[in-house]
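Chemist: Here it is: the structure, laid out below.
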Amino acid sequence: MNLHQFRFVQEAVRRNLNLTEVAKSLHTSQPGVSKAIIELEEELGIEIFSRHGKRLKRVTEPGQHVLRSIEVILREVGNLKRIGEQFSAEDSGTLSIATTHTQARYVLPVPVAKLRETYPNVNISLHQGAPAQVAQMVMDEVAEIGIATESLSEYPELVTLPCYEWEHMLVIPKSHPLAGKVRITLEDLAAEPIITYHPSFTGRTRIDKAFAAKNLTPRIALEAIDSDVIKTYVRLGLGVGIVAEMAVKDGLDDDLVARPASQLFGKNVARIAFKRSAYIRHFVYDFAALLSDRLDRNLIMKALDGHPTDFNM
């Protein structure tokens, strides 16, 4: 048995048992993939997959056990590579970060710049996506770190820790009647067209729950994943915007005003995620500390070793 066979089996499951897609993703031939899997099954004396003709139909019960072992083996192979990279070139390499647009645009620039000052030979690779995609990229080891507000804590394959707390802000045209109101209510907002994030991004679920708790149905005029897009459409008069506070921390143009909305929607917690049992290079720990002074090396190591020490924010 060999690592190629293990990768073919693992990728077959990831690609919904489509060997043509497996071959494409691993840059090899479909017959070669099929042959390698059959040879592994023959060596183990079991069927990893049940078949209908030449097509894979499902993972067998013994195949489930094989898959768990393959996950461990390939994870440790990845760890060995990272150990080699760290000690052969201690202050160089690539840090791959999976995150959402809001984090990449408003939160990460300063920590990334500081990391580059300390480690000028470390390159940064940013992968942007929805929170569920961020989680998947960390699990697939496309990225070493994932940063998002939603979804990350829902995956047992990931170790997640709170990173920082933030609130939503209302963005309102200065000429709008709500701009001069001291206390804006959910009922006020429900009477206005609203421009805010797509349901899977930037705390949108908290917004929806707040309205539902009051039996209110907001009029969502436009959904976007980009805070700057939301502000643009607010400026055009399409409605009242709800954005993350990071998107307005540097101020707004003179025609818009921002109002805190934590009293309406509560607080949100951005989380950082690592793949469970992954080997973490020293500059990755340093980057986490730049995101939050509570994310020290010892806390992360305890969490990765299977003793997650969460903290309240």
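The way I read the labels, and the way they are meant: chains A, B, ... in the order of the structure tokens, residue 1 as the first residue of every chain, and ligand 1 as the first ligand shown, with later ones counted on from there.
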For region 140-177 of chain A against region 249-265 of chain A, with a cut-off of 12 Å and counting only C-alpha atoms, what is the closest atom pair and its distance in Å to one decimal for every residue that makes the cut, ordered by chain and number, as a tab-separated table?
Modeler:
residue	atom	partner	partner_atom	distance
A:Glu165	CA	A:Ser262	CA	11.1
A:Trp166	CA	A:Ser262	CA	8.7
A:Glu167	CA	A:Ser262	CA	5.4
A:His168	CA	A:Ala261	CA	5.4
A:Met169	CA	A:Pro260	CA	4.7
A:Leu170	CA	A:Arg259	CA	5.0
A:Val171	CA	A:Ala258	CA	4.7
A:Ile172	CA	A:Val257	CA	5.4
A:Pro173	CA	A:Leu256	CA	4.5
A:Lys174	CA	A:Leu256	CA	5.0
A:Ser175	CA	A:Asp255	CA	7.8
A:His176	CA	A:Leu256	CA	9.3
A:Pro177	CA	A:Val257	CA	11.7
Chemist: Please save C-alpha atoms of the selected residues as a tab-separated table (two decimals), in the first residue's frame.
Modeler:
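Written output follows (result_13.tsv):
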chain	number	residue	atom	x	y	z
A	165	GLU	CA	-16.22	40.58	19.59
A	166	TRP	CA	-18.04	43.00	17.29
A	167	GLU	CA	-21.46	44.55	16.76
A	168	HIS	CA	-23.60	45.55	13.81
A	169	MET	CA	-23.98	49.19	12.82
A	170	LEU	CA	-26.85	50.94	11.08
A	171	VAL	CA	-25.77	53.03	8.10
A	172	ILE	CA	-28.30	55.74	7.28
A	173	PRO	CA	-28.38	58.66	4.83
A	174	LYS	CA	-27.90	61.89	6.79
A	175	SER	CA	-31.17	63.24	5.35
A	176	HIS	CA	-33.20	60.18	6.46
A	177	PRO	CA	-35.71	60.66	9.35
Chemist: Based on DSSP run over this structure's backbone, return all residues of region 36-229 of chain A in alpha helix (DSSP H), as a JSON list (two decimals) with N, CA, C and O atoms, in the first residue's frame.
Modeler:
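Listing of out.json after writing:
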[["chain", "number", "residue", "atom", "x", "y", "z"],
["A", 36, "ALA", "N", -5.77, 1.52, -8.68],
["A", 36, "ALA", "CA", -5.07, 1.70, -7.41],
["A", 36, "ALA", "C", -5.99, 1.38, -6.22],
["A", 36, "ALA", "O", -5.55, 0.75, -5.24],
["A", 37, "ILE", "N", -7.25, 1.78, -6.32],
["A", 37, "ILE", "CA", -8.19, 1.50, -5.23],
["A", 37, "ILE", "C", -8.44, 0.00, -5.11],
["A", 37, "ILE", "O", -8.47, -0.57, -4.01],
["A", 38, "ILE", "N", -8.61, -0.68, -6.25],
["A", 38, "ILE", "CA", -8.84, -2.13, -6.24],
["A", 38, "ILE", "C", -7.63, -2.86, -5.65],
["A", 38, "ILE", "O", -7.78, -3.80, -4.86],
["A", 39, "GLU", "N", -6.42, -2.41, -6.01],
["A", 39, "GLU", "CA", -5.21, -3.05, -5.48],
["A", 39, "GLU", "C", -5.11, -2.88, -3.97],
["A", 39, "GLU", "O", -4.71, -3.80, -3.25],
["A", 40, "LEU", "N", -5.53, -1.71, -3.45],
["A", 40, "LEU", "CA", -5.52, -1.50, -2.01],
["A", 40, "LEU", "C", -6.55, -2.42, -1.34],
["A", 40, "LEU", "O", -6.26, -3.03, -0.30],
["A", 41, "GLU", "N", -7.73, -2.54, -1.94],
["A", 41, "GLU", "CA", -8.74, -3.43, -1.38],
["A", 41, "GLU", "C", -8.25, -4.88, -1.36],
["A", 41, "GLU", "O", -8.46, -5.60, -0.38],
["A", 42, "GLU", "N", -7.59, -5.30, -2.42],
["A", 42, "GLU", "CA", -7.08, -6.67, -2.48],
["A", 42, "GLU", "C", -6.02, -6.91, -1.42],
["A", 42, "GLU", "O", -5.97, -7.97, -0.78],
["A", 43, "GLU", "N", -5.16, -5.89, -1.21],
["A", 43, "GLU", "CA", -4.11, -6.03, -0.20],
["A", 43, "GLU", "C", -4.69, -6.10, 1.20],
["A", 43, "GLU", "O", -4.21, -6.85, 2.05],
["A", 44, "LEU", "N", -5.76, -5.32, 1.45],
["A", 44, "LEU", "CA", -6.39, -5.32, 2.76],
["A", 44, "LEU", "C", -7.34, -6.49, 2.95],
["A", 44, "LEU", "O", -7.69, -6.84, 4.08],
["A", 61, "GLU", "N", -18.95, -0.70, 5.47],
["A", 61, "GLU", "CA", -18.65, -0.54, 6.91],
["A", 61, "GLU", "C", -17.15, -0.66, 7.18],
["A", 61, "GLU", "O", -16.58, 0.20, 7.86],
["A", 62, "PRO", "N", -16.47, -1.71, 6.66],
["A", 62, "PRO", "CA", -15.01, -1.73, 6.87],
["A", 62, "PRO", "C", -14.32, -0.55, 6.17],
["A", 62, "PRO", "O", -13.30, -0.05, 6.65],
["A", 63, "GLY", "N", -14.91, -0.08, 5.08],
["A", 63, "GLY", "CA", -14.35, 1.08, 4.39],
["A", 63, "GLY", "C", -14.36, 2.33, 5.26],
["A", 63, "GLY", "O", -13.45, 3.16, 5.19],
["A", 64, "GLN", "N", -15.39, 2.47, 6.12],
["A", 64, "GLN", "CA", -15.45, 3.61, 7.04],
["A", 64, "GLN", "C", -14.26, 3.61, 7.99],
["A", 64, "GLN", "O", -13.66, 4.66, 8.26],
["A", 65, "HIS", "N", -13.90, 2.41, 8.48],
["A", 65, "HIS", "CA", -12.73, 2.30, 9.36],
["A", 65, "HIS", "C", -11.45, 2.62, 8.61],
["A", 65, "HIS", "O", -10.55, 3.29, 9.15],
["A", 66, "VAL", "N", -11.35, 2.15, 7.38],
["A", 66, "VAL", "CA", -10.17, 2.44, 6.56],
["A", 66, "VAL", "C", -10.04, 3.94, 6.34],
["A", 66, "VAL", "O", -8.95, 4.52, 6.44],
["A", 67, "LEU", "N", -11.17, 4.60, 6.04],
["A", 67, "LEU", "CA", -11.14, 6.04, 5.80],
["A", 67, "LEU", "C", -10.64, 6.82, 7.01],
["A", 67, "LEU", "O", -9.87, 7.77, 6.88],
["A", 68, "ARG", "N", -11.06, 6.41, 8.20],
["A", 68, "ARG", "CA", -10.60, 7.10, 9.41],
["A", 68, "ARG", "C", -9.09, 6.95, 9.58],
["A", 68, "ARG", "O", -8.40, 7.90, 9.95],
["A", 69, "SER", "N", -8.58, 5.76, 9.29],
["A", 69, "SER", "CA", -7.13, 5.55, 9.39],
["A", 69, "SER", "C", -6.39, 6.36, 8.32],
["A", 69, "SER", "O", -5.32, 6.93, 8.60],
["A", 70, "ILE", "N", -6.95, 6.41, 7.12],
["A", 70, "ILE", "CA", -6.33, 7.19, 6.05],
["A", 70, "ILE", "C", -6.27, 8.66, 6.41],
["A", 70, "ILE", "O", -5.28, 9.35, 6.16],
["A", 71, "GLU", "N", -7.35, 9.18, 7.02],
["A", 71, "GLU", "CA", -7.37, 10.58, 7.45],
["A", 71, "GLU", "C", -6.21, 10.86, 8.41],
["A", 71, "GLU", "O", -5.52, 11.87, 8.29],
["A", 72, "VAL", "N", -6.00, 9.95, 9.37],
["A", 72, "VAL", "CA", -4.92, 10.13, 10.33],
["A", 72, "VAL", "C", -3.56, 10.08, 9.64],
["A", 72, "VAL", "O", -2.68, 10.92, 9.88],
["A", 73, "ILE", "N", -3.37, 9.09, 8.76],
["A", 73, "ILE", "CA", -2.09, 8.94, 8.07],
["A", 73, "ILE", "C", -1.76, 10.16, 7.23],
["A", 73, "ILE", "O", -0.65, 10.72, 7.31],
["A", 74, "LEU", "N", -2.71, 10.62, 6.43],
["A", 74, "LEU", "CA", -2.44, 11.75, 5.54],
["A", 74, "LEU", "C", -2.29, 13.05, 6.32],
["A", 74, "LEU", "O", -1.52, 13.94, 5.93],
["A", 75, "ARG", "N", -3.00, 13.17, 7.43],
["A", 75, "ARG", "CA", -2.82, 14.36, 8.27],
["A", 75, "ARG", "C", -1.40, 14.39, 8.85],
["A", 75, "ARG", "O", -0.74, 15.43, 8.86],
["A", 76, "GLU", "N", -0.92, 13.23, 9.30],
["A", 76, "GLU", "CA", 0.42, 13.19, 9.87],
["A", 76, "GLU", "C", 1.50, 13.37, 8.80],
["A", 76, "GLU", "O", 2.55, 13.94, 9.07],
["A", 77, "VAL", "N", 1.23, 12.91, 7.58],
["A", 77, "VAL", "CA", 2.15, 13.19, 6.47],
["A", 77, "VAL", "C", 2.26, 14.69, 6.25],
["A", 77, "VAL", "O", 3.35, 15.25, 6.06],
["A", 78, "GLY", "N", 1.09, 15.38, 6.27],
["A", 78, "GLY", "CA", 1.10, 16.83, 6.14],
["A", 78, "GLY", "C", 1.85, 17.49, 7.28],
["A", 78, "GLY", "O", 2.61, 18.46, 7.07],
["A", 79, "ASN", "N", 1.69, 16.97, 8.50],
["A", 79, "ASN", "CA", 2.42, 17.51, 9.64],
["A", 79, "ASN", "C", 3.93, 17.33, 9.47],
["A", 79, "ASN", "O", 4.72, 18.22, 9.80],
["A", 80, "LEU", "N", 4.34, 16.16, 8.96],
["A", 80, "LEU", "CA", 5.76, 15.92, 8.73],
["A", 80, "LEU", "C", 6.34, 16.94, 7.75],
["A", 80, "LEU", "O", 7.44, 17.46, 7.94],
["A", 81, "LYS", "N", 5.57, 17.25, 6.71],
["A", 81, "LYS", "CA", 6.04, 18.23, 5.73],
["A", 81, "LYS", "C", 6.20, 19.59, 6.38],
["A", 81, "LYS", "O", 7.18, 20.30, 6.13],
["A", 82, "ARG", "N", 5.23, 19.97, 7.23],
["A", 82, "ARG", "CA", 5.32, 21.28, 7.87],
["A", 82, "ARG", "C", 6.47, 21.35, 8.87],
["A", 82, "ARG", "O", 7.12, 22.38, 9.01],
["A", 83, "ILE", "N", 6.72, 20.23, 9.57],
["A", 83, "ILE", "CA", 7.87, 20.19, 10.48],
["A", 83, "ILE", "C", 9.16, 20.40, 9.70],
["A", 83, "ILE", "O", 10.04, 21.18, 10.09],
["A", 84, "GLY", "N", 9.27, 19.70, 8.56],
["A", 84, "GLY", "CA", 10.46, 19.86, 7.72],
["A", 84, "GLY", "C", 10.61, 21.29, 7.23],
["A", 84, "GLY", "O", 11.71, 21.86, 7.24],
["A", 85, "GLU", "N", 9.49, 21.89, 6.80],
["A", 85, "GLU", "CA", 9.54, 23.26, 6.31],
["A", 85, "GLU", "C", 9.96, 24.23, 7.41],
["A", 85, "GLU", "O", 10.76, 25.14, 7.19],
["A", 86, "GLN", "N", 9.45, 23.99, 8.64],
["A", 86, "GLN", "CA", 9.78, 24.93, 9.72],
["A", 86, "GLN", "C", 11.25, 24.89, 10.07],
["A", 86, "GLN", "O", 11.90, 25.91, 10.23],
["A", 87, "PHE", "N", 11.82, 23.70, 10.16],
["A", 87, "PHE", "CA", 13.19, 23.61, 10.65],
["A", 87, "PHE", "C", 14.23, 23.73, 9.54],
["A", 87, "PHE", "O", 15.40, 23.99, 9.82],
["A", 88, "SER", "N", 13.82, 23.56, 8.29],
["A", 88, "SER", "CA", 14.77, 23.79, 7.19],
["A", 88, "SER", "C", 14.77, 25.25, 6.76],
["A", 88, "SER", "O", 15.76, 25.76, 6.25],
["A", 101, "HIS", "N", -15.00, 37.90, 3.15],
["A", 101, "HIS", "CA", -14.63, 39.19, 2.56],
["A", 101, "HIS", "C", -14.46, 40.26, 3.63],
["A", 101, "HIS", "O", -13.51, 41.04, 3.60],
["A", 102, "THR", "N", -15.39, 40.31, 4.60],
["A", 102, "THR", "CA", -15.33, 41.35, 5.63],
["A", 102, "THR", "C", -14.04, 41.27, 6.43],
["A", 102, "THR", "O", -13.38, 42.28, 6.69],
["A", 109, "PRO", "N", -5.76, 43.31, 7.25],
["A", 109, "PRO", "CA", -4.63, 44.08, 6.72],
["A", 109, "PRO", "C", -3.55, 44.44, 7.73],
["A", 109, "PRO", "O", -2.36, 44.25, 7.47],
["A", 110, "VAL", "N", -3.93, 44.93, 8.91],
["A", 110, "VAL", "CA", -2.92, 45.32, 9.90],
["A", 110, "VAL", "C", -2.16, 44.11, 10.45],
["A", 110, "VAL", "O", -0.92, 44.11, 10.47],
["A", 111, "PRO", "N", -2.85, 43.03, 10.91],
["A", 111, "PRO", "CA", -2.09, 41.85, 11.37],
["A", 111, "PRO", "C", -1.19, 41.26, 10.29],
["A", 111, "PRO", "O", -0.07, 40.84, 10.58],
["A", 112, "VAL", "N", -1.66, 41.22, 9.05],
["A", 112, "VAL", "CA", -0.84, 40.69, 7.96],
["A", 112, "VAL", "C", 0.40, 41.56, 7.77],
["A", 112, "VAL", "O", 1.52, 41.06, 7.61],
["A", 113, "ALA", "N", 0.22, 42.88, 7.78],
["A", 113, "ALA", "CA", 1.36, 43.79, 7.61],
["A", 113, "ALA", "C", 2.37, 43.62, 8.74],
["A", 113, "ALA", "O", 3.59, 43.61, 8.51],
["A", 114, "LYS", "N", 1.88, 43.46, 9.98],
["A", 114, "LYS", "CA", 2.79, 43.28, 11.12],
["A", 114, "LYS", "C", 3.54, 41.95, 11.03],
["A", 114, "LYS", "O", 4.73, 41.87, 11.38],
["A", 115, "LEU", "N", 2.84, 40.89, 10.59],
["A", 115, "LEU", "CA", 3.52, 39.61, 10.42],
["A", 115, "LEU", "C", 4.62, 39.71, 9.37],
["A", 115, "LEU", "O", 5.71, 39.18, 9.56],
["A", 116, "ARG", "N", 4.33, 40.40, 8.28],
["A", 116, "ARG", "CA", 5.32, 40.56, 7.22],
["A", 116, "ARG", "C", 6.52, 41.38, 7.69],
["A", 116, "ARG", "O", 7.64, 41.16, 7.24],
["A", 117, "GLU", "N", 6.30, 42.32, 8.61],
["A", 117, "GLU", "CA", 7.42, 43.08, 9.16],
["A", 117, "GLU", "C", 8.36, 42.16, 9.95],
["A", 117, "GLU", "O", 9.59, 42.28, 9.87],
["A", 118, "THR", "N", 7.75, 41.24, 10.71],
["A", 118, "THR", "CA", 8.55, 40.32, 11.53],
["A", 118, "THR", "C", 9.14, 39.19, 10.70],
["A", 118, "THR", "O", 10.29, 38.78, 10.94],
["A", 131, "PRO", "N", -18.61, 31.37, 5.11],
["A", 131, "PRO", "CA", -18.10, 30.68, 6.31],
["A", 131, "PRO", "C", -18.00, 29.16, 6.16],
["A", 131, "PRO", "O", -17.02, 28.56, 6.62],
["A", 132, "ALA", "N", -18.98, 28.54, 5.54],
["A", 132, "ALA", "CA", -18.91, 27.08, 5.35],
["A", 132, "ALA", "C", -17.74, 26.70, 4.45],
["A", 132, "ALA", "O", -17.08, 25.67, 4.65],
["A", 133, "GLN", "N", -17.46, 27.52, 3.45],
["A", 133, "GLN", "CA", -16.31, 27.28, 2.57],
["A", 133, "GLN", "C", -15.00, 27.48, 3.33],
["A", 133, "GLN", "O", -14.03, 26.76, 3.11],
["A", 134, "VAL", "N", -14.98, 28.47, 4.22],
["A", 134, "VAL", "CA", -13.80, 28.69, 5.06],
["A", 134, "VAL", "C", -13.51, 27.44, 5.88],
["A", 134, "VAL", "O", -12.36, 26.97, 5.94],
["A", 135, "ALA", "N", -14.54, 26.90, 6.52],
["A", 135, "ALA", "CA", -14.37, 25.68, 7.31],
["A", 135, "ALA", "C", -13.85, 24.53, 6.46],
["A", 135, "ALA", "O", -12.92, 23.80, 6.87],
["A", 136, "GLN", "N", -14.41, 24.37, 5.26],
["A", 136, "GLN", "CA", -13.99, 23.27, 4.40],
["A", 136, "GLN", "C", -12.55, 23.42, 3.95],
["A", 136, "GLN", "O", -11.80, 22.43, 3.87],
["A", 137, "MET", "N", -12.12, 24.65, 3.69],
["A", 137, "MET", "CA", -10.73, 24.87, 3.27],
["A", 137, "MET", "C", -9.75, 24.51, 4.37],
["A", 137, "MET", "O", -8.66, 23.98, 4.11],
["A", 138, "VAL", "N", -10.12, 24.76, 5.62],
["A", 138, "VAL", "CA", -9.24, 24.37, 6.73],
["A", 138, "VAL", "C", -9.24, 22.85, 6.87],
["A", 138, "VAL", "O", -8.19, 22.24, 7.06],
["A", 139, "MET", "N", -10.40, 22.22, 6.78],
["A", 139, "MET", "CA", -10.47, 20.77, 6.89],
["A", 139, "MET", "C", -9.71, 20.08, 5.76],
["A", 139, "MET", "O", -9.10, 19.04, 5.96],
["A", 186, "LEU", "N", -36.46, 48.00, 16.46],
["A", 186, "LEU", "CA", -36.66, 47.02, 15.39],
["A", 186, "LEU", "C", -37.92, 47.34, 14.60],
["A", 186, "LEU", "O", -37.98, 47.11, 13.39],
["A", 187, "GLU", "N", -38.92, 47.88, 15.30],
["A", 187, "GLU", "CA", -40.15, 48.26, 14.61],
["A", 187, "GLU", "C", -39.87, 49.38, 13.60],
["A", 187, "GLU", "O", -40.42, 49.39, 12.49],
["A", 188, "ASP", "N", -38.99, 50.32, 13.97],
["A", 188, "ASP", "CA", -38.59, 51.37, 13.03],
["A", 188, "ASP", "C", -37.94, 50.78, 11.78],
["A", 188, "ASP", "O", -38.26, 51.16, 10.64],
["A", 189, "LEU", "N", -37.04, 49.83, 12.00],
["A", 189, "LEU", "CA", -36.32, 49.23, 10.88],
["A", 189, "LEU", "C", -37.24, 48.37, 10.02],
["A", 189, "LEU", "O", -37.10, 48.33, 8.79],
["A", 190, "ALA", "N", -38.20, 47.68, 10.66],
["A", 190, "ALA", "CA", -39.13, 46.82, 9.90],
["A", 190, "ALA", "C", -39.99, 47.64, 8.94],
["A", 190, "ALA", "O", -40.51, 47.10, 7.95],
["A", 204, "ARG", "N", -25.52, 37.67, 9.80],
["A", 204, "ARG", "CA", -26.87, 37.87, 9.30],
["A", 204, "ARG", "C", -27.89, 37.04, 10.09],
["A", 204, "ARG", "O", -29.03, 37.47, 10.31],
["A", 205, "THR", "N", -27.50, 35.84, 10.52],
["A", 205, "THR", "CA", -28.46, 35.00, 11.26],
["A", 205, "THR", "C", -28.92, 35.69, 12.53],
["A", 205, "THR", "O", -30.08, 35.55, 12.94],
["A", 206, "ARG", "N", -28.03, 36.44, 13.17],
["A", 206, "ARG", "CA", -28.40, 37.15, 14.39],
["A", 206, "ARG", "C", -29.43, 38.25, 14.09],
["A", 206, "ARG", "O", -30.34, 38.51, 14.87],
["A", 207, "ILE", "N", -29.27, 38.90, 12.94],
["A", 207, "ILE", "CA", -30.23, 39.94, 12.52],
["A", 207, "ILE", "C", -31.61, 39.31, 12.30],
["A", 207, "ILE", "O", -32.62, 39.81, 12.80],
["A", 208, "ASP", "N", -31.64, 38.22, 11.58],
["A", 208, "ASP", "CA", -32.92, 37.55, 11.29],
["A", 208, "ASP", "C", -33.60, 37.08, 12.57],
["A", 208, "ASP", "O", -34.83, 37.20, 12.72],
["A", 209, "LYS", "N", -32.82, 36.53, 13.49],
["A", 209, "LYS", "CA", -33.40, 36.04, 14.74],
["A", 209, "LYS", "C", -33.99, 37.17, 15.58],
["A", 209, "LYS", "O", -35.01, 36.99, 16.24],
["A", 210, "ALA", "N", -33.33, 38.33, 15.56],
["A", 210, "ALA", "CA", -33.83, 39.46, 16.34],
["A", 210, "ALA", "C", -35.20, 39.90, 15.85],
["A", 210, "ALA", "O", -36.12, 40.15, 16.64],
["A", 211, "PHE", "N", -35.37, 39.97, 14.52],
["A", 211, "PHE", "CA", -36.68, 40.34, 13.97],
["A", 211, "PHE", "C", -37.71, 39.26, 14.27],
["A", 211, "PHE", "O", -38.86, 39.56, 14.64],
["A", 212, "ALA", "N", -37.32, 37.99, 14.11],
["A", 212, "ALA", "CA", -38.26, 36.90, 14.34],
["A", 212, "ALA", "C", -38.74, 36.86, 15.78],
["A", 212, "ALA", "O", -39.91, 36.55, 16.05],
["A", 213, "ALA", "N", -37.84, 37.18, 16.72],
["A", 213, "ALA", "CA", -38.22, 37.18, 18.14],
["A", 213, "ALA", "C", -39.30, 38.21, 18.43],
["A", 213, "ALA", "O", -40.07, 38.07, 19.39],
["A", 227, "SER", "N", -19.43, 44.92, 2.33],
["A", 227, "SER", "CA", -19.93, 46.07, 3.08],
["A", 227, "SER", "C", -19.90, 47.35, 2.27],
["A", 227, "SER", "O", -20.79, 48.21, 2.40],
["A", 228, "ASP", "N", -18.89, 47.51, 1.42],
["A", 228, "ASP", "CA", -18.82, 48.72, 0.59],
["A", 228, "ASP", "C", -19.98, 48.78, -0.40],
["A", 228, "ASP", "O", -20.48, 49.86, -0.71],
["A", 229, "VAL", "N", -20.39, 47.62, -0.90],
["A", 229, "VAL", "CA", -21.55, 47.57, -1.79],
["A", 229, "VAL", "C", -22.80, 48.01, -1.04],
["A", 229, "VAL", "O", -23.62, 48.78, -1.55]]
Chemist: Which residue gives the smallest distance to Leu126 (chain A) among A:Ala278, A:Ile97, A:Leu161, A:Val59, with only C-alpha atoms counted?
Modeler: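 The closest residue to Leu126 (chain A) is A:Ile97.
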Chemist: Give the strand (DSSP E) residues of region 109-165 of chain A, as assigned by DSSP on the backbone, as a ChimeraX atom specification.
Modeler: /A:121-128,145-148,158-165
Chemist: Could those selected residues go to a file with N, CA, C and O atoms, as a JSON list (two decimals), in the first residue's frame?
Modeler:
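Dumped to selection-v6.json:
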[["chain", "number", "residue", "atom", "x", "y", "z"],
["A", 121, "ASN", "N", 10.10, 36.99, 4.86],
["A", 121, "ASN", "CA", 10.17, 35.89, 3.88],
["A", 121, "ASN", "C", 8.97, 34.96, 3.94],
["A", 121, "ASN", "O", 8.94, 33.93, 3.28],
["A", 122, "VAL", "N", 7.98, 35.33, 4.75],
["A", 122, "VAL", "CA", 6.74, 34.56, 4.81],
["A", 122, "VAL", "C", 5.72, 35.19, 3.87],
["A", 122, "VAL", "O", 5.39, 36.38, 4.00],
["A", 123, "ASN", "N", 5.25, 34.42, 2.92],
["A", 123, "ASN", "CA", 4.22, 34.90, 1.99],
["A", 123, "ASN", "C", 2.84, 34.60, 2.56],
["A", 123, "ASN", "O", 2.65, 33.60, 3.27],
["A", 124, "ILE", "N", 1.88, 35.44, 2.23],
["A", 124, "ILE", "CA", 0.50, 35.26, 2.71],
["A", 124, "ILE", "C", -0.39, 34.91, 1.53],
["A", 124, "ILE", "O", -0.37, 35.57, 0.49],
["A", 125, "SER", "N", -1.18, 33.85, 1.70],
["A", 125, "SER", "CA", -2.14, 33.46, 0.68],
["A", 125, "SER", "C", -3.54, 33.55, 1.29],
["A", 125, "SER", "O", -3.86, 32.81, 2.23],
["A", 126, "LEU", "N", -4.34, 34.48, 0.77],
["A", 126, "LEU", "CA", -5.70, 34.68, 1.28],
["A", 126, "LEU", "C", -6.71, 33.95, 0.40],
["A", 126, "LEU", "O", -6.72, 34.13, -0.82],
["A", 127, "HIS", "N", -7.55, 33.14, 1.02],
["A", 127, "HIS", "CA", -8.62, 32.43, 0.31],
["A", 127, "HIS", "C", -9.95, 32.94, 0.88],
["A", 127, "HIS", "O", -10.22, 32.75, 2.06],
["A", 128, "GLN", "N", -10.76, 33.57, 0.06],
["A", 128, "GLN", "CA", -12.01, 34.14, 0.53],
["A", 128, "GLN", "C", -13.21, 33.27, 0.14],
["A", 128, "GLN", "O", -13.22, 32.69, -0.95],
["A", 145, "ILE", "N", -5.34, 28.38, 8.74],
["A", 145, "ILE", "CA", -6.18, 29.14, 9.66],
["A", 145, "ILE", "C", -7.47, 29.52, 8.95],
["A", 145, "ILE", "O", -7.45, 29.89, 7.78],
["A", 146, "GLY", "N", -8.58, 29.45, 9.66],
["A", 146, "GLY", "CA", -9.85, 29.96, 9.16],
["A", 146, "GLY", "C", -10.37, 31.03, 10.10],
["A", 146, "GLY", "O", -10.24, 30.89, 11.32],
["A", 147, "ILE", "N", -10.92, 32.11, 9.56],
["A", 147, "ILE", "CA", -11.45, 33.19, 10.38],
["A", 147, "ILE", "C", -12.81, 33.58, 9.84],
["A", 147, "ILE", "O", -12.95, 33.94, 8.67],
["A", 148, "ALA", "N", -13.83, 33.48, 10.69],
["A", 148, "ALA", "CA", -15.19, 33.84, 10.29],
["A", 148, "ALA", "C", -16.04, 33.98, 11.54],
["A", 148, "ALA", "O", -15.63, 33.59, 12.64],
["A", 158, "LEU", "N", -12.63, 20.60, 13.48],
["A", 158, "LEU", "CA", -11.92, 21.86, 13.71],
["A", 158, "LEU", "C", -11.86, 22.19, 15.20],
["A", 158, "LEU", "O", -12.77, 21.89, 15.95],
["A", 159, "VAL", "N", -10.77, 22.81, 15.57],
["A", 159, "VAL", "CA", -10.64, 23.43, 16.89],
["A", 159, "VAL", "C", -10.84, 24.93, 16.68],
["A", 159, "VAL", "O", -10.15, 25.54, 15.88],
["A", 160, "THR", "N", -11.82, 25.51, 17.37],
["A", 160, "THR", "CA", -12.08, 26.93, 17.19],
["A", 160, "THR", "C", -12.00, 27.66, 18.53],
["A", 160, "THR", "O", -12.34, 27.10, 19.58],
["A", 161, "LEU", "N", -11.54, 28.89, 18.47],
["A", 161, "LEU", "CA", -11.43, 29.73, 19.66],
["A", 161, "LEU", "C", -11.95, 31.13, 19.33],
["A", 161, "LEU", "O", -11.78, 31.61, 18.21],
["A", 162, "PRO", "N", -12.59, 31.77, 20.31],
["A", 162, "PRO", "CA", -13.04, 33.15, 20.07],
["A", 162, "PRO", "C", -11.86, 34.06, 19.78],
["A", 162, "PRO", "O", -10.80, 33.94, 20.40],
["A", 163, "CYS", "N", -12.05, 34.95, 18.84],
["A", 163, "CYS", "CA", -10.97, 35.85, 18.42],
["A", 163, "CYS", "C", -11.24, 37.28, 18.89],
["A", 163, "CYS", "O", -10.41, 37.88, 19.58],
["A", 164, "TYR", "N", -12.37, 37.83, 18.52],
["A", 164, "TYR", "CA", -12.75, 39.16, 19.00],
["A", 164, "TYR", "C", -14.25, 39.32, 18.86],
["A", 164, "TYR", "O", -14.92, 38.58, 18.14],
["A", 165, "GLU", "N", -14.78, 40.32, 19.57],
["A", 165, "GLU", "CA", -16.22, 40.58, 19.59],
["A", 165, "GLU", "C", -16.51, 41.83, 18.76],
["A", 165, "GLU", "O", -15.72, 42.77, 18.75]]
Chemist: With distances taken over only C-alpha atoms, which of A:Ile184, A:Ile195, A:Leu222, A:Val142 is nearest to Lys275 (chain A)?
Modeler: A:Val142
